[in-house]
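Asker: Questions regarding the structure given below will be posed in turn.
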There are 8 protein chains.
Amino acid sequence: MTLQQILESVKAGSMAVADAERILKQESYDDMEYAKLDISRKERTGFAEVIYCSGKSDEHLLKIFERLYREDGEVFGTRASREQYELIRKQFPQTQYDPVSRIIKIEKQDKKRSGKVAVCCAGTADIPVAEEAAQTAEYFGTNVERIYDVGVCGVHRLFSKLDLIQSANCIVAVAGMEGALASVIGGLVSRPIIAVPTSVGYGASFHGLSALLTMINSCANGIAVVNIDNGYGAGYMATQINRIATDQ
Amino acid sequence: MTLQQILESVKAGSMAVADAERILKQESYDDMEYAKLDISRKERTGFAEVIYCSGKSDEHLLKIFERLYREDGEVFGTRASREQYELIRKQFPQTQYDPVSRIIKIEKQDKKRSGKVAVCCAGTADIPVAEEAAQTAEYFGTNVERIYDVGVCGVHRLFSKLDLIQSANCIVAVAGMEGALASVIGGLVSRPIIAVPTSVGYGASFHGLSALLTMINSCANGIAVVNIDNGYGAGYMATQINRIATDQ
Amino acid sequence: MTLQQILESVKAGSMAVADAERILKQESYDDMEYAKLDISRKERTGFAEVIYCSGKSDEHLLKIFERLYREDGEVFGTRASREQYELIRKQFPQTQYDPVSRIIKIEKQDKKRSGKVAVCCAGTADIPVAEEAAQTAEYFGTNVERIYDVGVCGVHRLFSKLDLIQSANCIVAVAGMEGALASVIGGLVSRPIIAVPTSVGYGASFHGLSALLTMINSCANGIAVVNIDNGYGAGYMATQINRIATDQ
Amino acid sequence: MTLQQILESVKAGSMAVADAERILKQESYDDMEYAKLDISRKERTGFAEVIYCSGKSDEHLLKIFERLYREDGEVFGTRASREQYELIRKQFPQTQYDPVSRIIKIEKQDKKRSGKVAVCCAGTADIPVAEEAAQTAEYFGTNVERIYDVGVCGVHRLFSKLDLIQSANCIVAVAGMEGALASVIGGLVSRPIIAVPTSVGYGASFHGLSALLTMINSCANGIAVVNIDNGYGAGYMATQINRIATDQ
Amino acid sequence: MTLQQILESVKAGSMAVADAERILKQESYDDMEYAKLDISRKERTGFAEVIYCSGKSDEHLLKIFERLYREDGEVFGTRASREQYELIRKQFPQTQYDPVSRIIKIEKQDKKRSGKVAVCCAGTADIPVAEEAAQTAEYFGTNVERIYDVGVCGVHRLFSKLDLIQSANCIVAVAGMEGALASVIGGLVSRPIIAVPTSVGYGASFHGLSALLTMINSCANGIAVVNIDNGYGAGYMATQINRIATDQ
Amino acid sequence: MTLQQILESVKAGSMAVADAERILKQESYDDMEYAKLDISRKERTGFAEVIYCSGKSDEHLLKIFERLYREDGEVFGTRASREQYELIRKQFPQTQYDPVSRIIKIEKQDKKRSGKVAVCCAGTADIPVAEEAAQTAEYFGTNVERIYDVGVCGVHRLFSKLDLIQSANCIVAVAGMEGALASVIGGLVSRPIIAVPTSVGYGASFHGLSALLTMINSCANGIAVVNIDNGYGAGYMATQINRIATDQ
Amino acid sequence: MTLQQILESVKAGSMAVADAERILKQESYDDMEYAKLDISRKERTGFAEVIYCSGKSDEHLLKIFERLYREDGEVFGTRASREQYELIRKQFPQTQYDPVSRIIKIEKQDKKRSGKVAVCCAGTADIPVAEEAAQTAEYFGTNVERIYDVGVCGVHRLFSKLDLIQSANCIVAVAGMEGALASVIGGLVSRPIIAVPTSVGYGASFHGLSALLTMINSCANGIAVVNIDNGYGAGYMATQINRIATDQ
Amino acid sequence: MTLQQILESVKAGSMAVADAERILKQESYDDMEYAKLDISRKERTGFAEVIYCSGKSDEHLLKIFERLYREDGEVFGTRASREQYELIRKQFPQTQYDPVSRIIKIEKQDKKRSGKVAVCCAGTADIPVAEEAAQTAEYFGTNVERIYDVGVCGVHRLFSKLDLIQSANCIVAVAGMEGALASVIGGLVSRPIIAVPTSVGYGASFHGLSALLTMINSCANGIAVVNIDNGYGAGYMATQINRIATDQ
């Protein structure tokens, strides 16, 4: 409903003033005292709210999990510890947990996936972040091609998978240390690349800053960067682009 | 032609060894001694090579300009000074120059634009970067909606344009100083956002670092970031996404 | 008018739907194509919009100046160059310019000032920033006590002015180099301090970063910090606090 | 007593030289060998000394706690661990401890609160810092309105609480990650904002540096910033401003 | 085989198209699902792949160890913990582990060493990094002269060993804190120096950044720098240079 | 006069209350409106106030110069431009200017020097800073031994001057780039070293930051550091130490 | 013996060539394989070698301890853990350990102290660093005046101790957080100040970087800075200056 | 001559004490008052001293140029301006100047070159630094293969030149922006790589810091890094390695 429609309804008497007030005040969230769950987010952005589990108290985590499950019949959480999984499993035995990506979820069984996103990573140590991206995209309905351990110090490994990469609607490039993977892919594809620097490395990698700067300064085009280790954000944006490609 | 097809042709004698060698060595660039123009880039990525004019010597700039014009019948250059424009205009009188975006170009006249990208910026000082993004996208065939001076310190200006923003296939959000524009838009749209930090600001803005960090750390999703002041890169990636939306 | 009142008026037919739509869409700014002047800002925040002159084109500066003068009968601009002053003076001969603070303004003559704010600075090189703070506060109706060159390396100079400082409703402490002035004042007064780091210094002062860190880490309480060289921001906030003290 | 009055008293013989010497030497602290408790601070600044518990040895903490309790009949400590609470509770069973804010205190029962300060925070992970600010303000006599989980990625949550925020004498805005909350509020209120960056975030948030830079560079006015996670400092300064509003 | 030779063989029928395709696609790695072991690396670079053990899961470490042992009959791993050693030893009892350098290896017994590299370090705390460099060089066939604890604050210790240093084909200079060792050696020798900053130090050493900057800015020539604590990289490059000297 | 003596004098009537008040309020500076000249500094610290000329307006510079000349019969200014020298020379023809150190001064003719300080620098580009240190020490009465261009990349140059260095009461070590000079000297002398990083260098020297970190992290002892390019501060402190040695 | 004297002795036959060679090669250290103990340091610098215990293996620590004890009859170690103390005490029961400064030592009983150094610190959390400085100076023969908890947020505490501070030959000023203590003392004394930034603080103190920058940028003169938390270095240099004052 | 031989000669009377003293004091430099020319450098390191022209005064530059020409009959200077060239040409008409590399030199005509070094650069803007490296290596007797504009965003350009690169004794890899060139080459060659980050780029390239971090963190081995824009240092070290290969 547009603003004009609401006002016409009020004028016509078909909508009460109080109802119009509530709609216009955008009170479309669930006030849980300590949190304000953004339950209208799916309507606005096409993505339901998820849970960033790290640092949440047991009590808060459980209540938010319950509330989101009640709303959507499925829940998706990132950065979950095994302890948090044990906690939630007691109440929701159907919960799944992947210790590599640290994703915890209850997922509806009849979901379909469409399109394709390629998730590449430079080394085996980058796999946890790559998996967070891949599983996020899958949860939100995207087919994912995983192409791991194709870092530029053995660039023939990347070239042998080039067909797979070029056939995706969007590429997620995950790399730590010097983070050069995104630049090399960038010159070889026509689709956009979401680059994810990781905190993999030591010394002057400064916990991912080096890879972040490499990716931001890429001489190749069609590359944009998300936060260090932010696999979720990359999977989310790759899904947005894939949805455009699949007319969603 | 796939590798297998090339090899079969060689075997069958329908392709000379020297020709196959040249193709497989990927010598698909124009070696100009000081530069190696990547004239196969359009084929690989869908975008012709452009010129980053800043810092190029007059002689090199002119030769590269000529070479690209000969290749494509049009040329696009960024970060051009007025002096460089005067230089090129002598030889190519049809050249256009925009002192705000500092873009120099010869553009074919029969080009069509499709789809839509929204380019938003926070303050008037961000307009040069926003225009670089907008004109890049237009050059590569994208319709652009400009929504300028909608920074978050007067957030009602942004809300009054929300319909326009939500109808785009991709949003470019340009901001300096604290760079909060991308986060606010991020929670309100379903399409991906390319965030461009600018060097606008003073003091602790550290020439765009503050805005870059803000955008990289955004609590909203669907946001990825390009380099400080990199309007070109944002316009390029927005075009990639718009092309997906328009089935190109 | 509250939202409820607007809706009741629409329902009662005393307000047209189009009028209500305009009000609720908050289109309370002046769309000048390149800029969206926030002419409702005074109503929302108590302060009219001002002009940050640095980097504005002559044409834009002049048009914004005119528009704000038409709105309020007075205009206030910061970081103005002498060239910008000469430009504006041609059209508005009553314009005043102060080369130290680089403030340009047309000010109504019958304005009153109330309350008191103390503006302190550590060295003579900090005076331009201190004056920007002082004149901002004065423009917005605050009496200002200037206490300059009272840096901590000759702390007796500060102590001899302590009575003046303690009698203000708010203190602005301006300092570059090591920026210790705010901490020393902080332990001696009961009123809040707005600390302004300046870019005065050399070497490891890193253009004000050192002073900024000193002030942010102060062991004294009642101190909050604005951007490096941001005299305007300090004068603005000091005025907010002074207005509270004088019941505005 | 002014200096002149003291000297006249000495001249008149109504004050002994030794007494005058002690007063003028400002020996108004309690020398505990390892610490010099600033027991005259309340007189100078209006706020009694509090204890920053983190890193204090058990012995020192207990002795300082005792000394301050003897002085004022109440004590306020920040950043206290549960172990420190257990230690103190043995001697002072009336001690209260809040594990969220990590505040430990003995508070007089007949204290009144006046005025109002709004404490806003962006996400649930920022609540510990927000609570430190809120409880500090309450301890020093301020009424506090808590408005939590109103981050800008779901900005309608903030707008639905705008009336509450606008009615406060001072706003404390607490946010980690990109820290954009303060800027958005800044354009909507007439009262000063104390911005508190938090260390919430990961990757390029650099333990709060990103949020700090965002807040320092805010394009909105009326915002000043305290140290990362410094809820106490924000609550203190908000109280100073609230006292001005309530004529204290 | 050159590309031309391959093509001629295909043409002549002496090589199958499928074989040529495999060679040209450079599928010269072992795809282990989670990792792509670069088993052709030795052919390309002269050095077999090694294992960076830190952060690898037990399962992955063991499988990669097995695979490399099968390939080469020897394995070399860096940054191995004692726990990882215990794990591997169960399956490969001949494995050796050095807790100082944290190197784990199975080494063939009949290997010869040639040439000479000098590994110098500034303090005893730098020895773990120096040993990683020394043992790496030895594993790859280089004689190593160890010259430890010769930091510049007692520069006579260095001078007494100058003959040894000057007789090496390459010098590895390992130092933390202020990292001045490389500069002093640099002015005294004719052979190249690989400088390794270490994370030894505290305070403003910033985990090796200070030493890294010192070495990168050296006023002496013939010095190039590897990552902080990267003994392996230094031993590798020193071996490359030593191999040149010994005509390998 | 001690506080007790002043009070006794007041009591005895031998000092007027107003005089005592003035003394105790420490109004021992000259209030020039824009500056508060600290004319009691010499009494407190043993050093008269000097002028940091850089950035001062012509009018202020001249007035402060006059005032200090009137006070002491000599004046010392640092970081003076040739234009400032021309300005002052018109009024004070006896003024001396050194374009290398950029020191401007009028110096009494009968001054004696005592003791000895050694000023060493690493390269010829460091000489301006070294001269600022040397001439400052000389102005304040210290004999100076200049030992220039003795950087560590040709360390024999330093060793050949070791006797001279060891005979000084204090050593000033000036170096840019990697700044290793102080560490090498540190292990060879028994007297304290004031280290001065300079902004000489390029690239990762970051305008002196590299040298500053090197010196702060020195593995040698007896070294303390002043600001980048702060020759004046080093000459000042070296004079303090030399005065101790010569019983001043 | 000078070089000339050694050569004359060789010529005259009164010194063997081998002996001269050993002297001139400066082999004046004890080569312990893993370490080169600098046993001639005392002769060169006036200070015996000490042990930086942190990070040393038990075996190395014990052997170095033994060796230095054999050389001098006393040993001084810094940054020692309680575990290291327990280890050493088994073999040297007379060892003393102070858990605050973390200094471990065997000290001769008949040592005298002379002169005076003042060690000031800002807060109680700075005491461990201050004690490292104080006990270092005492071990090397200096009388120490401790003046603790005199931070600038209650500056009257500092002023009440000014006589004590002014009577010292050198002042050590220890402070974390914003580190303003050194600047305030700097304007009040004639003797040199060694400033020690500490890692005390949180948030934007960046583990002592803020205090370091404050001290390096001090507007007061006569201040030089050592590394963050480097109490030992400050005590060492203060001793050097005190020895000059006491004609050692 | 070894130390033992000198001493034996003194003992035997065949060398005067004064001569031995001079040799042992290493007074092997030319003391020009303001500079100490290191004329024994060639003997020690195999490379004659060169001139870093930037920032040198005309007088000093000319005198040093003369002195080195007198010593060697040829001179090599880096970072020379055209003005400096004009100055020197007046006195030495045979001087050559290259405005791209900014190298100024007089070179002997009969010099031979041996071996081969490959100098690669990523973009045309990196050519000045690449030329400084190439011409330095040539001056010191090395054959150079130039391979320019082979950045990773069009990686086929690099592959087409791989044979040339692999045939060199050492590779210099010059790149700005994200600096990924070195890593890609690193996995393809067996010879060592000297990586040179350049200041080419904008925004978050931070004047070469991004490229420096990329290269230091390279996942490929056999790469060591020199300072930003330090073409000279890379050419120098490449020559050292090439000399080893050619048995010099």
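Following the order of the structure tokens, first chain is A, next is B, and so on, with residues numbered from 1 inside each chain and ligands from 1 in the order they appear.
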Counting only C-alpha atoms, collect the residues of chain E whose closest atom lies at most 9 Å from chain G, and write them out as a list in words.
Answerer: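 Output check: Gly123, Thr124, Ala125, Ile127, Tyr148, Asp149, Val150, Gly154, His156, Arg157, Phe159, Ser160, Tyr202, Gly203, Ala204 and Ser205 of chain E.
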Asker: With N, CA, C and O atoms retained, write the just-selected residues as an mmCIF file, in the first residue's frame.
Answerer:
data_model
loop_
_atom_site.group_PDB
_atom_site.id
_atom_site.type_symbol
_atom_site.label_atom_id
_atom_site.label_comp_id
_atom_site.auth_asym_id
_atom_site.auth_seq_id
_atom_site.Cartn_x
_atom_site.Cartn_y
_atom_site.Cartn_z
ATOM 1 N N GLY E 123 69.248 -11.730 18.631
ATOM 2 C CA GLY E 123 69.173 -12.114 20.030
ATOM 3 C C GLY E 123 68.767 -13.562 20.170
ATOM 4 O O GLY E 123 68.354 -14.208 19.199
ATOM 5 N N THR E 124 68.858 -14.106 21.384
ATOM 6 C CA THR E 124 68.489 -15.501 21.573
ATOM 7 C C THR E 124 67.002 -15.732 21.306
ATOM 8 O O THR E 124 66.608 -16.818 20.893
ATOM 9 N N ALA E 125 66.185 -14.721 21.519
ATOM 10 C CA ALA E 125 64.753 -14.897 21.280
ATOM 11 C C ALA E 125 64.435 -15.023 19.801
ATOM 12 O O ALA E 125 63.340 -15.458 19.428
ATOM 13 N N ILE E 127 66.094 -17.021 17.810
ATOM 14 C CA ILE E 127 66.596 -18.318 17.361
ATOM 15 C C ILE E 127 65.523 -19.197 16.710
ATOM 16 O O ILE E 127 65.787 -19.826 15.685
ATOM 17 N N TYR E 148 74.641 -16.727 15.835
ATOM 18 C CA TYR E 148 73.497 -16.241 16.605
ATOM 19 C C TYR E 148 73.929 -15.260 17.700
ATOM 20 O O TYR E 148 75.053 -15.292 18.181
ATOM 21 N N ASP E 149 72.967 -14.430 18.111
ATOM 22 C CA ASP E 149 73.158 -13.500 19.234
ATOM 23 C C ASP E 149 74.242 -12.459 18.917
ATOM 24 O O ASP E 149 75.120 -12.202 19.733
ATOM 25 N N VAL E 150 74.162 -11.873 17.751
ATOM 26 C CA VAL E 150 75.158 -10.878 17.343
ATOM 27 C C VAL E 150 74.502 -9.521 17.054
ATOM 28 O O VAL E 150 74.854 -8.811 16.119
ATOM 29 N N GLY E 154 75.898 -4.867 20.813
ATOM 30 C CA GLY E 154 77.243 -5.312 21.204
ATOM 31 C C GLY E 154 77.945 -5.705 19.915
ATOM 32 O O GLY E 154 78.230 -6.878 19.661
ATOM 33 N N HIS E 156 80.671 -5.702 18.506
ATOM 34 C CA HIS E 156 81.943 -6.427 18.399
ATOM 35 C C HIS E 156 81.715 -7.930 18.205
ATOM 36 O O HIS E 156 82.526 -8.610 17.609
ATOM 37 N N ARG E 157 80.603 -8.437 18.735
ATOM 38 C CA ARG E 157 80.307 -9.858 18.541
ATOM 39 C C ARG E 157 80.118 -10.173 17.056
ATOM 40 O O ARG E 157 80.557 -11.200 16.554
ATOM 41 N N PHE E 159 81.408 -8.379 14.542
ATOM 42 C CA PHE E 159 82.671 -8.189 13.812
ATOM 43 C C PHE E 159 83.599 -9.389 13.959
ATOM 44 O O PHE E 159 84.334 -9.727 13.036
ATOM 45 N N SER E 160 83.526 -10.046 15.104
ATOM 46 C CA SER E 160 84.431 -11.185 15.304
ATOM 47 C C SER E 160 84.065 -12.363 14.402
ATOM 48 O O SER E 160 84.825 -13.307 14.273
ATOM 49 N N TYR E 202 58.317 -5.794 22.360
ATOM 50 C CA TYR E 202 57.107 -5.461 23.116
ATOM 51 C C TYR E 202 56.809 -3.999 22.840
ATOM 52 O O TYR E 202 57.586 -3.303 22.178
ATOM 53 N N GLY E 203 55.696 -3.525 23.331
ATOM 54 C CA GLY E 203 55.344 -2.106 23.184
ATOM 55 C C GLY E 203 55.303 -1.697 21.731
ATOM 56 O O GLY E 203 54.608 -2.304 20.917
ATOM 57 N N ALA E 204 56.074 -0.688 21.380
ATOM 58 C CA ALA E 204 56.009 -0.116 20.041
ATOM 59 C C ALA E 204 56.700 -0.967 18.981
ATOM 60 O O ALA E 204 56.906 -0.502 17.856
ATOM 61 N N SER E 205 57.066 -2.205 19.312
ATOM 62 C CA SER E 205 57.563 -3.086 18.242
ATOM 63 C C SER E 205 56.379 -3.567 17.396
ATOM 64 O O SER E 205 56.567 -4.027 16.280
#
Asker: Taking the chain letters and numbering used in this document, name the residues of segment 123-181 of chain A that DSSP puts in helix (DSSP H, G or I), as an mmCIF file with N, CA and C atoms, in the first residue's frame.
Answerer:
data_model
loop_
_atom_site.group_PDB
_atom_site.id
_atom_site.type_symbol
_atom_site.label_atom_id
_atom_site.label_comp_id
_atom_site.auth_asym_id
_atom_site.auth_seq_id
_atom_site.Cartn_x
_atom_site.Cartn_y
_atom_site.Cartn_z
ATOM 1 N N THR A 124 43.470 -23.966 1.753
ATOM 2 C CA THR A 124 42.576 -24.771 2.581
ATOM 3 C C THR A 124 42.207 -24.045 3.870
ATOM 4 N N ALA A 125 43.059 -23.163 4.340
ATOM 5 C CA ALA A 125 42.736 -22.439 5.568
ATOM 6 C C ALA A 125 41.617 -21.433 5.368
ATOM 7 N N ASP A 126 41.300 -21.114 4.113
ATOM 8 C CA ASP A 126 40.203 -20.177 3.834
ATOM 9 C C ASP A 126 38.849 -20.875 3.739
ATOM 10 N N ILE A 127 38.851 -22.203 3.832
ATOM 11 C CA ILE A 127 37.606 -22.951 3.617
ATOM 12 C C ILE A 127 36.494 -22.573 4.602
ATOM 13 N N PRO A 128 36.775 -22.357 5.903
ATOM 14 C CA PRO A 128 35.660 -21.983 6.789
ATOM 15 C C PRO A 128 34.906 -20.747 6.308
ATOM 16 N N VAL A 129 35.611 -19.738 5.835
ATOM 17 C CA VAL A 129 34.926 -18.537 5.342
ATOM 18 C C VAL A 129 34.198 -18.840 4.034
ATOM 19 N N ALA A 130 34.847 -19.609 3.163
ATOM 20 C CA ALA A 130 34.205 -19.970 1.899
ATOM 21 C C ALA A 130 32.924 -20.767 2.142
ATOM 22 N N GLU A 131 32.974 -21.659 3.109
ATOM 23 C CA GLU A 131 31.773 -22.448 3.410
ATOM 24 C C GLU A 131 30.656 -21.580 3.987
ATOM 25 N N GLU A 132 31.017 -20.596 4.804
ATOM 26 C CA GLU A 132 29.981 -19.696 5.314
ATOM 27 C C GLU A 132 29.278 -19.005 4.152
ATOM 28 N N ALA A 133 30.070 -18.575 3.152
ATOM 29 C CA ALA A 133 29.475 -17.945 1.967
ATOM 30 C C ALA A 133 28.608 -18.936 1.195
ATOM 31 N N ALA A 134 29.154 -20.126 0.961
ATOM 32 C CA ALA A 134 28.454 -21.110 0.138
ATOM 33 C C ALA A 134 27.138 -21.550 0.784
ATOM 34 N N GLN A 135 27.190 -21.857 2.080
ATOM 35 C CA GLN A 135 25.989 -22.345 2.749
ATOM 36 C C GLN A 135 24.955 -21.233 2.924
ATOM 37 N N THR A 136 25.409 -20.001 3.076
ATOM 38 C CA THR A 136 24.469 -18.872 3.115
ATOM 39 C C THR A 136 23.721 -18.777 1.792
ATOM 40 N N ALA A 137 24.473 -18.820 0.702
ATOM 41 C CA ALA A 137 23.827 -18.727 -0.614
ATOM 42 C C ALA A 137 22.860 -19.889 -0.826
ATOM 43 N N GLU A 138 23.259 -21.077 -0.415
ATOM 44 C CA GLU A 138 22.378 -22.233 -0.574
ATOM 45 C C GLU A 138 21.100 -22.076 0.249
ATOM 46 N N TYR A 139 21.259 -21.634 1.489
ATOM 47 C CA TYR A 139 20.083 -21.456 2.348
ATOM 48 C C TYR A 139 19.077 -20.501 1.707
ATOM 49 N N VAL A 152 46.970 -18.227 -6.210
ATOM 50 C CA VAL A 152 47.726 -17.803 -7.378
ATOM 51 C C VAL A 152 49.166 -18.328 -7.398
ATOM 52 N N CYS A 153 49.655 -18.912 -6.287
ATOM 53 C CA CYS A 153 51.030 -19.412 -6.338
ATOM 54 C C CYS A 153 51.111 -20.726 -7.141
ATOM 55 N N GLY A 154 49.965 -21.258 -7.545
ATOM 56 C CA GLY A 154 49.944 -22.423 -8.442
ATOM 57 C C GLY A 154 48.783 -22.184 -9.382
ATOM 58 N N HIS A 156 47.885 -22.603 -12.299
ATOM 59 C CA HIS A 156 47.318 -23.581 -13.226
ATOM 60 C C HIS A 156 46.097 -24.288 -12.634
ATOM 61 N N ARG A 157 46.051 -24.395 -11.300
ATOM 62 C CA ARG A 157 44.888 -25.008 -10.672
ATOM 63 C C ARG A 157 43.632 -24.172 -10.948
ATOM 64 N N LEU A 158 43.792 -22.858 -10.890
ATOM 65 C CA LEU A 158 42.669 -21.967 -11.192
ATOM 66 C C LEU A 158 42.251 -22.088 -12.649
ATOM 67 N N PHE A 159 43.240 -22.094 -13.548
ATOM 68 C CA PHE A 159 42.912 -22.110 -14.972
ATOM 69 C C PHE A 159 42.162 -23.387 -15.366
ATOM 70 N N LEU A 162 38.446 -22.823 -15.023
ATOM 71 C CA LEU A 162 37.953 -21.543 -15.505
ATOM 72 C C LEU A 162 36.548 -21.656 -16.106
ATOM 73 N N ASP A 163 36.269 -22.742 -16.804
ATOM 74 C CA ASP A 163 34.942 -22.899 -17.403
ATOM 75 C C ASP A 163 33.853 -22.850 -16.337
ATOM 76 N N LEU A 164 34.105 -23.556 -15.247
ATOM 77 C CA LEU A 164 33.123 -23.567 -14.166
ATOM 78 C C LEU A 164 32.883 -22.167 -13.624
ATOM 79 N N ILE A 165 33.977 -21.429 -13.452
ATOM 80 C CA ILE A 165 33.870 -20.080 -12.885
ATOM 81 C C ILE A 165 33.117 -19.158 -13.836
ATOM 82 N N GLN A 166 33.449 -19.260 -15.110
ATOM 83 C CA GLN A 166 32.834 -18.346 -16.077
ATOM 84 C C GLN A 166 31.342 -18.606 -16.289
ATOM 85 N N LEU A 181 43.894 -13.501 -5.334
ATOM 86 C CA LEU A 181 43.005 -14.334 -6.137
ATOM 87 C C LEU A 181 41.971 -13.526 -6.923
#
Asker: As a PyMOL selection string, please: the residues near Ala220 of chain H (cut-off 12 Å, only C-alpha atoms, same-chain neighbours under 6 positions excluded).
Answerer: (chain A and resi 122-123+151-155+177-180) or (chain E and resi 41+45+47+49-50+226-227+232-233+236-237) or (chain H and resi 180-190+192-193+195+214)
Asker: In Å, how far is it from atom CA of Ala18 of chain H to atom CA of Ser14 of chain G?
Answerer: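 Those two atoms sit 18.0 Å apart.
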Asker: Within segment 176-234 of chain A, find each residue whose DSSP state, derived from the backbone, is strand (DSSP E or B), and express the selection as an NGL selection string.
Answerer: :A and (193-197 or 223-225)
Asker: How about saving the chosen residues, N, CA, C and O atoms kept, as a tab-separated table (two decimals), in the first residue's frame?
Answerer:
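Wrote part.tsv, looks like this:
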chain	number	residue	atom	x	y	z
A	193	ILE	N	32.31	-9.96	-9.12
A	193	ILE	CA	33.03	-10.74	-8.11
A	193	ILE	C	32.86	-10.07	-6.75
A	193	ILE	O	33.10	-8.87	-6.62
A	194	ILE	N	32.45	-10.85	-5.76
A	194	ILE	CA	32.45	-10.39	-4.37
A	194	ILE	C	33.71	-10.94	-3.73
A	194	ILE	O	33.87	-12.15	-3.62
A	195	ALA	N	34.61	-10.06	-3.33
A	195	ALA	CA	35.88	-10.48	-2.74
A	195	ALA	C	35.78	-10.49	-1.23
A	195	ALA	O	35.29	-9.52	-0.64
A	196	VAL	N	36.25	-11.58	-0.61
A	196	VAL	CA	36.22	-11.70	0.85
A	196	VAL	C	37.64	-11.89	1.36
A	196	VAL	O	38.22	-12.96	1.21
A	197	PRO	N	38.23	-10.86	1.96
A	197	PRO	CA	39.53	-11.08	2.59
A	197	PRO	C	39.36	-11.94	3.83
A	197	PRO	O	38.33	-11.84	4.51
A	223	ILE	N	35.04	-5.91	-9.21
A	223	ILE	CA	35.33	-6.52	-7.91
A	223	ILE	C	34.90	-5.55	-6.82
A	223	ILE	O	35.29	-4.39	-6.84
A	224	ALA	N	34.11	-6.02	-5.86
A	224	ALA	CA	33.83	-5.22	-4.67
A	224	ALA	C	34.04	-6.10	-3.46
A	224	ALA	O	33.96	-7.32	-3.54
A	225	VAL	N	34.29	-5.48	-2.33
A	225	VAL	CA	34.85	-6.18	-1.19
A	225	VAL	C	33.92	-6.09	0.02
A	225	VAL	O	33.32	-5.04	0.26
Asker: Neighbours of segment 66-78 of chain E within 7 Å (only C-alpha atoms; same-chain residues fewer than 4 positions away dropped), as a PyMOL selection string?
Answerer: chain E and resi 50-53+62+102-108
Asker: With distances taken over only C-alpha atoms, which of D:Val100, D:Ile171, D:Leu7, D:Ala48 is nearest to Glu21 of chain D?
Answerer: D:Leu7
Asker: Env of Met15 of chain E: 12 Å cut, atoms = only C-alpha atoms, seq-sep filter 3 positions within chain, self excluded. Answer as a list in words.
Answerer: Leu7, Glu8, Val10 and Lys11 of chain B; Gln5, Ile6, Leu7, Glu8, Ser9, Val10, Lys11, Ala12, Ala18, Asp19, Ala20, Glu21, Arg22 and Ile23 of chain E
Asker: Work out how far atom CA of Gln109 of chain H is from atom CA of Ala245 of chain H, in Å to one decimal.
Answerer: 23.9 Å
